[in-house]
>>> print(open('entry12.txt').read())   # compact mmCIF, N, CA and C atoms
# COMPACT_ATOMS: atom_id res chain seq x y z
N MET A 1 100.60 100.16 87.47
CA MET A 1 100.03 100.66 88.70
C MET A 1 98.56 101.01 88.52
N ALA A 2 98.19 101.46 87.34
CA ALA A 2 96.81 101.89 87.12
C ALA A 2 95.83 100.72 87.21
N MET A 3 96.28 99.52 86.98
CA MET A 3 95.39 98.36 86.96
C MET A 3 95.26 97.68 88.32
N VAL A 4 96.04 98.07 89.32
CA VAL A 4 96.04 97.36 90.60
C VAL A 4 94.67 97.43 91.26
N GLY A 5 94.06 98.60 91.30
CA GLY A 5 92.75 98.74 91.94
C GLY A 5 91.67 97.91 91.27
N SER A 6 91.64 97.95 89.95
CA SER A 6 90.61 97.18 89.25
C SER A 6 90.86 95.68 89.35
N MET A 7 92.11 95.27 89.36
CA MET A 7 92.40 93.85 89.52
C MET A 7 92.01 93.37 90.92
N PHE A 8 92.28 94.19 91.93
CA PHE A 8 91.90 93.84 93.29
C PHE A 8 90.39 93.71 93.41
N ALA A 9 89.65 94.65 92.80
CA ALA A 9 88.19 94.60 92.85
C ALA A 9 87.65 93.37 92.13
N ALA A 10 88.21 93.05 90.98
CA ALA A 10 87.75 91.87 90.24
C ALA A 10 88.05 90.59 91.02
N ASP A 11 89.20 90.53 91.66
CA ASP A 11 89.55 89.36 92.44
C ASP A 11 88.64 89.23 93.66
N ALA A 12 88.27 90.35 94.26
CA ALA A 12 87.39 90.31 95.42
C ALA A 12 86.01 89.79 95.03
N TRP A 13 85.49 90.23 93.89
CA TRP A 13 84.18 89.73 93.45
C TRP A 13 84.25 88.23 93.14
N ASN A 14 85.36 87.78 92.64
CA ASN A 14 85.52 86.37 92.35
C ASN A 14 85.56 85.55 93.64
N ASN A 15 86.26 86.05 94.65
CA ASN A 15 86.46 85.30 95.88
C ASN A 15 85.30 85.40 96.86
N VAL A 16 84.44 86.39 96.71
CA VAL A 16 83.37 86.59 97.69
C VAL A 16 82.37 85.43 97.67
N THR A 17 82.21 84.78 96.56
CA THR A 17 81.24 83.68 96.49
C THR A 17 81.74 82.42 97.18
N PHE A 18 83.02 82.35 97.52
CA PHE A 18 83.54 81.18 98.22
C PHE A 18 83.01 81.06 99.64
N VAL A 19 82.46 82.12 100.20
CA VAL A 19 81.93 82.08 101.56
C VAL A 19 80.58 81.39 101.61
N ALA A 20 80.02 81.02 100.49
CA ALA A 20 78.67 80.43 100.46
C ALA A 20 78.59 79.16 101.30
N ALA A 21 79.65 78.42 101.41
CA ALA A 21 79.64 77.20 102.22
C ALA A 21 79.59 77.50 103.71
N GLU A 22 79.95 78.72 104.10
CA GLU A 22 80.01 79.09 105.51
C GLU A 22 78.79 79.87 105.98
N VAL A 23 77.86 80.17 105.09
CA VAL A 23 76.75 81.07 105.39
C VAL A 23 75.46 80.27 105.47
N LYS A 24 74.60 80.64 106.42
CA LYS A 24 73.27 80.03 106.48
C LYS A 24 72.43 80.60 105.34
N ARG A 25 71.71 79.74 104.66
CA ARG A 25 70.86 80.09 103.51
C ARG A 25 71.64 80.91 102.47
N PRO A 26 72.70 80.33 101.90
CA PRO A 26 73.54 81.08 100.97
C PRO A 26 72.81 81.53 99.70
N GLU A 27 71.80 80.77 99.27
CA GLU A 27 71.09 81.16 98.05
C GLU A 27 70.43 82.52 98.21
N ARG A 28 70.09 82.89 99.43
CA ARG A 28 69.48 84.20 99.69
C ARG A 28 70.51 85.21 100.18
N ASN A 29 71.34 84.81 101.14
CA ASN A 29 72.21 85.76 101.83
C ASN A 29 73.41 86.22 101.01
N VAL A 30 73.99 85.34 100.20
CA VAL A 30 75.13 85.76 99.38
C VAL A 30 74.67 86.74 98.30
N ALA A 31 73.57 86.43 97.66
CA ALA A 31 73.04 87.35 96.64
C ALA A 31 72.66 88.69 97.26
N ARG A 32 72.04 88.64 98.43
CA ARG A 32 71.66 89.87 99.12
C ARG A 32 72.90 90.69 99.48
N ALA A 33 73.94 90.04 99.98
CA ALA A 33 75.17 90.74 100.33
C ALA A 33 75.83 91.38 99.11
N LEU A 34 75.84 90.66 97.99
CA LEU A 34 76.42 91.20 96.77
C LEU A 34 75.65 92.42 96.28
N VAL A 35 74.32 92.34 96.27
CA VAL A 35 73.50 93.46 95.79
C VAL A 35 73.59 94.64 96.73
N LEU A 36 73.47 94.41 98.04
CA LEU A 36 73.54 95.51 99.00
C LEU A 36 74.94 96.14 99.04
N GLY A 37 75.97 95.31 98.92
CA GLY A 37 77.32 95.84 98.91
C GLY A 37 77.59 96.71 97.70
N ALA A 38 77.24 96.22 96.52
CA ALA A 38 77.43 97.00 95.29
C ALA A 38 76.56 98.25 95.31
N GLY A 39 75.31 98.11 95.76
CA GLY A 39 74.42 99.26 95.84
C GLY A 39 74.93 100.30 96.82
N GLY A 40 75.47 99.85 97.94
CA GLY A 40 76.04 100.78 98.92
C GLY A 40 77.21 101.56 98.36
N VAL A 41 78.09 100.88 97.64
CA VAL A 41 79.24 101.55 97.04
C VAL A 41 78.80 102.55 95.98
N VAL A 42 77.85 102.16 95.15
CA VAL A 42 77.34 103.08 94.12
C VAL A 42 76.67 104.28 94.76
N GLY A 43 75.86 104.04 95.80
CA GLY A 43 75.20 105.14 96.49
C GLY A 43 76.18 106.09 97.16
N LEU A 44 77.19 105.54 97.81
CA LEU A 44 78.19 106.38 98.45
C LEU A 44 78.97 107.19 97.42
N TYR A 45 79.34 106.57 96.32
CA TYR A 45 80.04 107.27 95.25
C TYR A 45 79.19 108.41 94.70
N PHE A 46 77.91 108.16 94.50
CA PHE A 46 77.00 109.19 94.01
C PHE A 46 76.90 110.35 94.99
N LEU A 47 76.72 110.05 96.29
CA LEU A 47 76.59 111.11 97.29
C LEU A 47 77.87 111.94 97.43
N VAL A 48 79.02 111.31 97.34
CA VAL A 48 80.28 112.05 97.42
C VAL A 48 80.41 112.99 96.22
N ASN A 49 80.03 112.53 95.04
CA ASN A 49 80.09 113.39 93.87
C ASN A 49 79.09 114.53 93.94
N VAL A 50 77.92 114.30 94.51
CA VAL A 50 76.96 115.39 94.72
C VAL A 50 77.54 116.41 95.69
N ALA A 51 78.20 115.93 96.74
CA ALA A 51 78.84 116.84 97.68
C ALA A 51 79.92 117.67 96.98
N TYR A 52 80.74 117.06 96.14
CA TYR A 52 81.75 117.81 95.40
C TYR A 52 81.10 118.89 94.54
N LEU A 53 80.02 118.54 93.86
CA LEU A 53 79.36 119.51 93.00
C LEU A 53 78.75 120.66 93.79
N ASN A 54 78.31 120.41 95.02
CA ASN A 54 77.75 121.47 95.84
C ASN A 54 78.81 122.33 96.49
N VAL A 55 80.00 121.80 96.71
CA VAL A 55 81.05 122.54 97.41
C VAL A 55 81.93 123.33 96.44
N LEU A 56 82.28 122.73 95.33
CA LEU A 56 83.23 123.35 94.39
C LEU A 56 82.56 123.71 93.08
N PRO A 57 82.88 124.87 92.54
CA PRO A 57 82.46 125.16 91.17
C PRO A 57 83.18 124.21 90.20
N PHE A 58 82.58 124.02 89.04
CA PHE A 58 83.13 123.07 88.07
C PHE A 58 84.57 123.41 87.67
N ASP A 59 84.87 124.68 87.46
CA ASP A 59 86.23 125.04 87.03
C ASP A 59 87.26 124.73 88.12
N GLN A 60 86.89 124.79 89.40
CA GLN A 60 87.83 124.43 90.46
C GLN A 60 88.02 122.92 90.54
N MET A 61 86.99 122.15 90.17
CA MET A 61 87.16 120.70 90.14
C MET A 61 88.09 120.30 89.00
N VAL A 62 87.92 120.94 87.87
CA VAL A 62 88.75 120.61 86.71
C VAL A 62 90.20 121.00 86.97
N ASN A 63 90.41 122.13 87.64
CA ASN A 63 91.76 122.64 87.88
C ASN A 63 92.25 122.36 89.29
N ALA A 64 91.75 121.33 89.94
CA ALA A 64 92.21 120.98 91.29
C ALA A 64 93.68 120.60 91.24
N PRO A 65 94.45 121.03 92.26
CA PRO A 65 95.88 120.69 92.27
C PRO A 65 96.08 119.18 92.24
N GLU A 66 96.87 118.74 91.30
CA GLU A 66 97.20 117.32 91.12
C GLU A 66 95.95 116.45 90.99
N GLN A 67 94.86 117.01 90.49
CA GLN A 67 93.59 116.31 90.27
C GLN A 67 93.03 115.70 91.55
N ARG A 68 93.23 116.36 92.67
CA ARG A 68 92.73 115.89 93.96
C ARG A 68 91.52 116.71 94.36
N VAL A 69 90.37 116.32 93.87
CA VAL A 69 89.13 117.05 94.11
C VAL A 69 88.73 116.94 95.58
N ALA A 70 88.93 115.80 96.21
CA ALA A 70 88.57 115.63 97.62
C ALA A 70 89.36 116.59 98.50
N ALA A 71 90.65 116.72 98.25
CA ALA A 71 91.47 117.64 99.04
C ALA A 71 91.03 119.09 98.81
N ALA A 72 90.70 119.44 97.57
CA ALA A 72 90.24 120.80 97.28
C ALA A 72 88.90 121.07 97.97
N ALA A 73 88.02 120.08 98.01
CA ALA A 73 86.73 120.25 98.68
C ALA A 73 86.92 120.40 100.19
N MET A 74 87.80 119.63 100.77
CA MET A 74 88.06 119.74 102.20
C MET A 74 88.67 121.11 102.55
N GLU A 75 89.55 121.60 101.69
CA GLU A 75 90.12 122.92 101.93
C GLU A 75 89.06 124.01 101.84
N ARG A 76 88.08 123.80 100.98
CA ARG A 76 87.00 124.79 100.85
C ARG A 76 86.04 124.74 102.03
N VAL A 77 85.77 123.54 102.54
CA VAL A 77 84.81 123.38 103.64
C VAL A 77 85.41 123.83 104.97
N PHE A 78 86.64 123.42 105.24
CA PHE A 78 87.27 123.72 106.52
C PHE A 78 88.18 124.92 106.38
N SER A 79 88.02 125.88 107.27
CA SER A 79 88.78 127.13 107.15
C SER A 79 90.24 126.98 107.54
N PHE A 80 90.61 125.89 108.22
CA PHE A 80 91.99 125.73 108.65
C PHE A 80 92.84 124.98 107.64
N GLY A 81 92.45 124.97 106.39
CA GLY A 81 93.28 124.41 105.33
C GLY A 81 92.95 122.98 104.97
N GLY A 82 91.82 122.48 105.40
CA GLY A 82 91.45 121.11 105.05
C GLY A 82 92.01 120.11 106.02
N LEU A 83 91.75 118.87 105.74
CA LEU A 83 92.23 117.78 106.58
C LEU A 83 93.24 116.94 105.80
N PRO A 84 94.17 116.30 106.50
CA PRO A 84 95.14 115.48 105.78
C PRO A 84 94.58 114.16 105.28
N LEU A 85 93.33 113.84 105.59
CA LEU A 85 92.79 112.52 105.24
C LEU A 85 92.59 112.27 103.75
N PRO A 86 92.10 113.22 102.94
CA PRO A 86 91.80 112.88 101.56
C PRO A 86 93.01 112.50 100.72
N SER A 87 94.16 113.07 100.99
CA SER A 87 95.31 112.74 100.16
C SER A 87 96.59 113.08 100.90
N SER A 88 97.68 112.72 100.30
CA SER A 88 98.97 113.01 100.92
C SER A 88 99.49 114.38 100.53
N SER A 89 98.70 115.16 99.79
CA SER A 89 99.17 116.49 99.39
C SER A 89 99.34 117.39 100.60
N TRP A 90 98.57 117.18 101.66
CA TRP A 90 98.67 118.00 102.85
C TRP A 90 100.04 117.82 103.50
N SER A 91 100.53 116.60 103.56
CA SER A 91 101.82 116.35 104.21
C SER A 91 102.96 116.96 103.41
N ARG A 92 102.81 117.02 102.08
CA ARG A 92 103.87 117.64 101.29
C ARG A 92 103.89 119.15 101.50
N ARG A 93 102.72 119.76 101.66
CA ARG A 93 102.66 121.20 101.87
C ARG A 93 103.13 121.59 103.25
N SER A 94 102.87 120.76 104.26
CA SER A 94 103.22 121.11 105.62
C SER A 94 104.67 120.78 105.95
N GLY A 95 105.36 120.12 105.04
CA GLY A 95 106.77 119.80 105.26
C GLY A 95 106.97 118.52 106.04
N ALA A 96 105.92 117.76 106.28
CA ALA A 96 106.03 116.52 107.05
C ALA A 96 106.64 115.42 106.23
>>> encode(input="entry12.txt", output="structure tokens")
Amino acid sequence: MAMVGSMFAADAWNNVTFVAAEVKRPERNVARALVLGAGGVVGLYFLVNVAYLNVLPFDQMVNAPEQRVAAAAMERVFSFGGLPLPSSSWSRRSGA
């Protein structure tokens, strides 16, 4: 199970170049899409981690319940107990 995400990502990078036959000016646009897509993901990952560092002290990140830092950050930001979006831990606590 631990390898499913990385295998999916590797397969996606392999298959993304097959669209070159369908794109106008593929020598420019496919490379641009690959760089902007990877850069966007790296930038988003960086910003989310900066948000975690600003919201939670380091010891709360390390000791987050079931290693769910996003759920712990949402619970800290929102006074009504966080949102169910970051993980399924909310549904287990609410009895759903």
>>> atom_distance(input="entry12.txt", atom1="CA of Val42 (chain A)", atom2="CA of Ala21 (chain A)")
27.2 Å
>>> select_by_dssp(input="entry12.txt", residues="region 5-61 of chain A", states="alpha helix (DSSP H)", output="mmCIF file with N, CA and C atoms, in the frame of the given file")
data_model
loop_
_atom_site.group_PDB
_atom_site.id
_atom_site.type_symbol
_atom_site.label_atom_id
_atom_site.label_comp_id
_atom_site.auth_asym_id
_atom_site.auth_seq_id
_atom_site.Cartn_x
_atom_site.Cartn_y
_atom_site.Cartn_z
ATOM 1 N N GLY A 5 94.060 98.600 91.300
ATOM 2 C CA GLY A 5 92.750 98.740 91.940
ATOM 3 C C GLY A 5 91.670 97.910 91.270
ATOM 4 N N SER A 6 91.640 97.950 89.950
ATOM 5 C CA SER A 6 90.610 97.180 89.250
ATOM 6 C C SER A 6 90.860 95.680 89.350
ATOM 7 N N MET A 7 92.110 95.270 89.360
ATOM 8 C CA MET A 7 92.400 93.850 89.520
ATOM 9 C C MET A 7 92.010 93.370 90.920
ATOM 10 N N PHE A 8 92.280 94.190 91.930
ATOM 11 C CA PHE A 8 91.900 93.840 93.290
ATOM 12 C C PHE A 8 90.390 93.710 93.410
ATOM 13 N N ALA A 9 89.650 94.650 92.800
ATOM 14 C CA ALA A 9 88.190 94.600 92.850
ATOM 15 C C ALA A 9 87.650 93.370 92.130
ATOM 16 N N ALA A 10 88.210 93.050 90.980
ATOM 17 C CA ALA A 10 87.750 91.870 90.240
ATOM 18 C C ALA A 10 88.050 90.590 91.020
ATOM 19 N N ASP A 11 89.200 90.530 91.660
ATOM 20 C CA ASP A 11 89.550 89.360 92.440
ATOM 21 C C ASP A 11 88.640 89.230 93.660
ATOM 22 N N ALA A 12 88.270 90.350 94.260
ATOM 23 C CA ALA A 12 87.390 90.310 95.420
ATOM 24 C C ALA A 12 86.010 89.790 95.030
ATOM 25 N N TRP A 13 85.490 90.230 93.890
ATOM 26 C CA TRP A 13 84.180 89.730 93.450
ATOM 27 C C TRP A 13 84.250 88.230 93.140
ATOM 28 N N ASN A 14 85.360 87.780 92.640
ATOM 29 C CA ASN A 14 85.520 86.370 92.350
ATOM 30 C C ASN A 14 85.560 85.550 93.640
ATOM 31 N N ASN A 15 86.260 86.050 94.650
ATOM 32 C CA ASN A 15 86.460 85.300 95.880
ATOM 33 C C ASN A 15 85.300 85.400 96.860
ATOM 34 N N VAL A 16 84.440 86.390 96.710
ATOM 35 C CA VAL A 16 83.370 86.590 97.690
ATOM 36 C C VAL A 16 82.370 85.430 97.670
ATOM 37 N N PRO A 26 72.700 80.330 101.900
ATOM 38 C CA PRO A 26 73.540 81.080 100.970
ATOM 39 C C PRO A 26 72.810 81.530 99.700
ATOM 40 N N GLU A 27 71.800 80.770 99.270
ATOM 41 C CA GLU A 27 71.090 81.160 98.050
ATOM 42 C C GLU A 27 70.430 82.520 98.210
ATOM 43 N N ARG A 28 70.090 82.890 99.430
ATOM 44 C CA ARG A 28 69.480 84.200 99.690
ATOM 45 C C ARG A 28 70.510 85.210 100.180
ATOM 46 N N ASN A 29 71.340 84.810 101.140
ATOM 47 C CA ASN A 29 72.210 85.760 101.830
ATOM 48 C C ASN A 29 73.410 86.220 101.010
ATOM 49 N N VAL A 30 73.990 85.340 100.200
ATOM 50 C CA VAL A 30 75.130 85.760 99.380
ATOM 51 C C VAL A 30 74.670 86.740 98.300
ATOM 52 N N ALA A 31 73.570 86.430 97.660
ATOM 53 C CA ALA A 31 73.040 87.350 96.640
ATOM 54 C C ALA A 31 72.660 88.690 97.260
ATOM 55 N N ARG A 32 72.040 88.640 98.430
ATOM 56 C CA ARG A 32 71.660 89.870 99.120
ATOM 57 C C ARG A 32 72.900 90.690 99.480
ATOM 58 N N ALA A 33 73.940 90.040 99.980
ATOM 59 C CA ALA A 33 75.170 90.740 100.330
ATOM 60 C C ALA A 33 75.830 91.380 99.110
ATOM 61 N N LEU A 34 75.840 90.660 97.990
ATOM 62 C CA LEU A 34 76.420 91.200 96.770
ATOM 63 C C LEU A 34 75.650 92.420 96.280
ATOM 64 N N VAL A 35 74.320 92.340 96.270
ATOM 65 C CA VAL A 35 73.500 93.460 95.790
ATOM 66 C C VAL A 35 73.590 94.640 96.730
ATOM 67 N N LEU A 36 73.470 94.410 98.040
ATOM 68 C CA LEU A 36 73.540 95.510 99.000
ATOM 69 C C LEU A 36 74.940 96.140 99.040
ATOM 70 N N GLY A 37 75.970 95.310 98.920
ATOM 71 C CA GLY A 37 77.320 95.840 98.910
ATOM 72 C C GLY A 37 77.590 96.710 97.700
ATOM 73 N N ALA A 38 77.240 96.220 96.520
ATOM 74 C CA ALA A 38 77.430 97.000 95.290
ATOM 75 C C ALA A 38 76.560 98.250 95.310
ATOM 76 N N GLY A 39 75.310 98.110 95.760
ATOM 77 C CA GLY A 39 74.420 99.260 95.840
ATOM 78 C C GLY A 39 74.930 100.300 96.820
ATOM 79 N N GLY A 40 75.470 99.850 97.940
ATOM 80 C CA GLY A 40 76.040 100.780 98.920
ATOM 81 C C GLY A 40 77.210 101.560 98.360
ATOM 82 N N VAL A 41 78.090 100.880 97.640
ATOM 83 C CA VAL A 41 79.240 101.550 97.040
ATOM 84 C C VAL A 41 78.800 102.550 95.980
ATOM 85 N N VAL A 42 77.850 102.160 95.150
ATOM 86 C CA VAL A 42 77.340 103.080 94.120
ATOM 87 C C VAL A 42 76.670 104.280 94.760
ATOM 88 N N GLY A 43 75.860 104.040 95.800
ATOM 89 C CA GLY A 43 75.200 105.140 96.490
ATOM 90 C C GLY A 43 76.180 106.090 97.160
ATOM 91 N N LEU A 44 77.190 105.540 97.810
ATOM 92 C CA LEU A 44 78.190 106.380 98.450
ATOM 93 C C LEU A 44 78.970 107.190 97.420
ATOM 94 N N TYR A 45 79.340 106.570 96.320
ATOM 95 C CA TYR A 45 80.040 107.270 95.250
ATOM 96 C C TYR A 45 79.190 108.410 94.700
ATOM 97 N N PHE A 46 77.910 108.160 94.500
ATOM 98 C CA PHE A 46 77.000 109.190 94.010
ATOM 99 C C PHE A 46 76.900 110.350 94.990
ATOM 100 N N LEU A 47 76.720 110.050 96.290
ATOM 101 C CA LEU A 47 76.590 111.110 97.290
ATOM 102 C C LEU A 47 77.870 111.940 97.430
ATOM 103 N N VAL A 48 79.020 111.310 97.340
ATOM 104 C CA VAL A 48 80.280 112.050 97.420
ATOM 105 C C VAL A 48 80.410 112.990 96.220
ATOM 106 N N ASN A 49 80.030 112.530 95.040
ATOM 107 C CA ASN A 49 80.090 113.390 93.870
ATOM 108 C C ASN A 49 79.090 114.530 93.940
ATOM 109 N N VAL A 50 77.920 114.300 94.510
ATOM 110 C CA VAL A 50 76.960 115.390 94.720
ATOM 111 C C VAL A 50 77.540 116.410 95.690
ATOM 112 N N ALA A 51 78.200 115.930 96.740
ATOM 113 C CA ALA A 51 78.840 116.840 97.680
ATOM 114 C C ALA A 51 79.920 117.670 96.980
ATOM 115 N N TYR A 52 80.740 117.060 96.140
ATOM 116 C CA TYR A 52 81.750 117.810 95.400
ATOM 117 C C TYR A 52 81.100 118.890 94.540
ATOM 118 N N LEU A 53 80.020 118.540 93.860
ATOM 119 C CA LEU A 53 79.360 119.510 93.000
ATOM 120 C C LEU A 53 78.750 120.660 93.790
ATOM 121 N N ASN A 54 78.310 120.410 95.020
ATOM 122 C CA ASN A 54 77.750 121.470 95.840
ATOM 123 C C ASN A 54 78.810 122.330 96.490
ATOM 124 N N VAL A 55 80.000 121.800 96.710
ATOM 125 C CA VAL A 55 81.050 122.540 97.410
ATOM 126 C C VAL A 55 81.930 123.330 96.440
ATOM 127 N N PHE A 58 82.580 124.020 89.040
ATOM 128 C CA PHE A 58 83.130 123.070 88.070
ATOM 129 C C PHE A 58 84.570 123.410 87.670
ATOM 130 N N ASP A 59 84.870 124.680 87.460
ATOM 131 C CA ASP A 59 86.230 125.040 87.030
ATOM 132 C C ASP A 59 87.260 124.730 88.120
ATOM 133 N N GLN A 60 86.890 124.790 89.400
ATOM 134 C CA GLN A 60 87.830 124.430 90.460
ATOM 135 C C GLN A 60 88.020 122.920 90.540
ATOM 136 N N MET A 61 86.990 122.150 90.170
ATOM 137 C CA MET A 61 87.160 120.700 90.140
ATOM 138 C C MET A 61 88.090 120.300 89.000
#
>>> closest_residue(input="entry12.txt", among="A:Val77, A:Leu34, A:Val69, A:Val19", to="Asn49 (chain A)", atoms="only C-alpha atoms")
A:Val69
>>> axis_aligned_box(input="entry12.txt", around="region 67-71 of chain A", padding_each_side="5 Å", output="lines of an AutoDock Vina configuration file")
center_x = 91.7
center_y = 117.4
center_z = 94.7
size_x = 16.3
size_y = 13.5
size_z = 18.8
>>> atom_distance(input="entry12.txt", atom1="atom C of Arg68 (chain A)", atom2="atom N of Val50 (chain A)")
13.8 Å
>>> decode(input="entry12.txt", residues="region 14-92 of chain A", atoms="C-alpha atoms", output="PDB file, in the first residue's frame")
ATOM      1  CA  ASN A  14       5.527   8.590 -17.989  1.00  0.00           C
ATOM      2  CA  ASN A  15       2.123   8.997 -19.647  1.00  0.00           C
ATOM      3  CA  VAL A  16       1.992  12.799 -19.706  1.00  0.00           C
ATOM      4  CA  THR A  17       4.370  13.012 -22.660  1.00  0.00           C
ATOM      5  CA  PHE A  18       1.979  10.996 -24.836  1.00  0.00           C
ATOM      6  CA  VAL A  19      -0.183  14.113 -25.273  1.00  0.00           C
ATOM      7  CA  ALA A  20       2.563  15.741 -27.367  1.00  0.00           C
ATOM      8  CA  ALA A  21       0.884  14.591 -30.578  1.00  0.00           C
ATOM      9  CA  GLU A  22      -2.323  16.400 -29.564  1.00  0.00           C
ATOM     10  CA  VAL A  23      -0.781  19.736 -28.529  1.00  0.00           C
ATOM     11  CA  LYS A  24       0.129  22.725 -30.670  1.00  0.00           C
ATOM     12  CA  ARG A  25       3.882  23.427 -30.477  1.00  0.00           C
ATOM     13  CA  PRO A  26       4.630  20.437 -28.211  1.00  0.00           C
ATOM     14  CA  GLU A  27       8.356  21.204 -28.020  1.00  0.00           C
ATOM     15  CA  ARG A  28       7.463  24.323 -26.032  1.00  0.00           C
ATOM     16  CA  ASN A  29       4.101  23.559 -24.415  1.00  0.00           C
ATOM     17  CA  VAL A  30       4.742  20.062 -23.034  1.00  0.00           C
ATOM     18  CA  ALA A  31       7.990  21.134 -21.394  1.00  0.00           C
ATOM     19  CA  ARG A  32       6.297  24.254 -20.034  1.00  0.00           C
ATOM     20  CA  ALA A  33       3.415  22.199 -18.632  1.00  0.00           C
ATOM     21  CA  LEU A  34       5.806  19.751 -16.963  1.00  0.00           C
ATOM     22  CA  VAL A  35       7.893  22.526 -15.368  1.00  0.00           C
ATOM     23  CA  LEU A  36       4.909  24.622 -14.266  1.00  0.00           C
ATOM     24  CA  GLY A  37       3.058  21.576 -12.961  1.00  0.00           C
ATOM     25  CA  ALA A  38       6.007  20.295 -10.926  1.00  0.00           C
ATOM     26  CA  GLY A  39       6.820  23.817  -9.741  1.00  0.00           C
ATOM     27  CA  GLY A  40       3.218  24.372  -8.695  1.00  0.00           C
ATOM     28  CA  VAL A  41       3.147  21.165  -6.671  1.00  0.00           C
ATOM     29  CA  VAL A  42       6.467  21.980  -4.987  1.00  0.00           C
ATOM     30  CA  GLY A  43       5.297  25.525  -4.225  1.00  0.00           C
ATOM     31  CA  LEU A  44       1.987  24.346  -2.803  1.00  0.00           C
ATOM     32  CA  TYR A  45       3.727  21.717  -0.674  1.00  0.00           C
ATOM     33  CA  PHE A  46       6.133  24.357   0.642  1.00  0.00           C
ATOM     34  CA  LEU A  47       3.326  26.813   1.489  1.00  0.00           C
ATOM     35  CA  VAL A  48       1.278  24.150   3.286  1.00  0.00           C
ATOM     36  CA  ASN A  49       4.298  23.210   5.392  1.00  0.00           C
ATOM     37  CA  VAL A  50       4.934  26.879   6.224  1.00  0.00           C
ATOM     38  CA  ALA A  51       1.303  27.135   7.312  1.00  0.00           C
ATOM     39  CA  TYR A  52       1.713  24.062   9.547  1.00  0.00           C
ATOM     40  CA  LEU A  53       4.814  25.578  11.128  1.00  0.00           C
ATOM     41  CA  ASN A  54       2.982  28.842  11.808  1.00  0.00           C
ATOM     42  CA  VAL A  55      -0.122  27.187  13.259  1.00  0.00           C
ATOM     43  CA  LEU A  56       1.300  24.340  15.345  1.00  0.00           C
ATOM     44  CA  PRO A  57       4.279  24.186  17.656  1.00  0.00           C
ATOM     45  CA  PHE A  58       6.812  21.535  16.674  1.00  0.00           C
ATOM     46  CA  ASP A  59       5.959  19.200  19.578  1.00  0.00           C
ATOM     47  CA  GLN A  60       2.272  19.180  18.545  1.00  0.00           C
ATOM     48  CA  MET A  61       3.252  18.287  14.978  1.00  0.00           C
ATOM     49  CA  VAL A  62       5.412  15.430  16.191  1.00  0.00           C
ATOM     50  CA  ASN A  63       2.703  14.169  18.559  1.00  0.00           C
ATOM     51  CA  ALA A  64      -0.294  14.720  16.254  1.00  0.00           C
ATOM     52  CA  PRO A  65      -2.950  12.025  16.678  1.00  0.00           C
ATOM     53  CA  GLU A  66      -2.291   9.236  14.175  1.00  0.00           C
ATOM     54  CA  GLN A  67       0.349  11.498  12.524  1.00  0.00           C
ATOM     55  CA  ARG A  68      -2.356  13.685  10.958  1.00  0.00           C
ATOM     56  CA  VAL A  69      -0.799  17.131  11.073  1.00  0.00           C
ATOM     57  CA  ALA A  70      -3.393  18.646   8.709  1.00  0.00           C
ATOM     58  CA  ALA A  71      -6.266  17.582  10.969  1.00  0.00           C
ATOM     59  CA  ALA A  72      -4.441  18.926  14.038  1.00  0.00           C
ATOM     60  CA  ALA A  73      -3.841  22.257  12.264  1.00  0.00           C
ATOM     61  CA  MET A  74      -7.486  22.530  11.234  1.00  0.00           C
ATOM     62  CA  GLU A  75      -8.595  21.823  14.796  1.00  0.00           C
ATOM     63  CA  ARG A  76      -6.280  24.576  16.007  1.00  0.00           C
ATOM     64  CA  VAL A  77      -7.450  27.125  13.417  1.00  0.00           C
ATOM     65  CA  PHE A  78     -11.188  26.483  13.622  1.00  0.00           C
ATOM     66  CA  SER A  79     -12.824  26.710  17.029  1.00  0.00           C
ATOM     67  CA  PHE A  80     -15.582  24.224  16.172  1.00  0.00           C
ATOM     68  CA  GLY A  81     -13.245  21.234  16.124  1.00  0.00           C
ATOM     69  CA  GLY A  82     -11.759  21.466  12.655  1.00  0.00           C
ATOM     70  CA  LEU A  83     -13.144  20.323   9.356  1.00  0.00           C
ATOM     71  CA  PRO A  84     -13.689  16.762   8.170  1.00  0.00           C
ATOM     72  CA  LEU A  85     -11.756  17.436   4.951  1.00  0.00           C
ATOM     73  CA  PRO A  86      -8.132  16.746   5.968  1.00  0.00           C
ATOM     74  CA  SER A  87      -8.676  13.186   7.107  1.00  0.00           C
ATOM     75  CA  SER A  88     -11.186  10.593   8.103  1.00  0.00           C
ATOM     76  CA  SER A  89     -10.311  10.968  11.788  1.00  0.00           C
ATOM     77  CA  TRP A  90     -13.187  13.437  12.181  1.00  0.00           C
ATOM     78  CA  SER A  91     -15.763  10.859  11.111  1.00  0.00           C
ATOM     79  CA  ARG A  92     -14.407   8.326  13.593  1.00  0.00           C
TER      80      ARG A  92
END
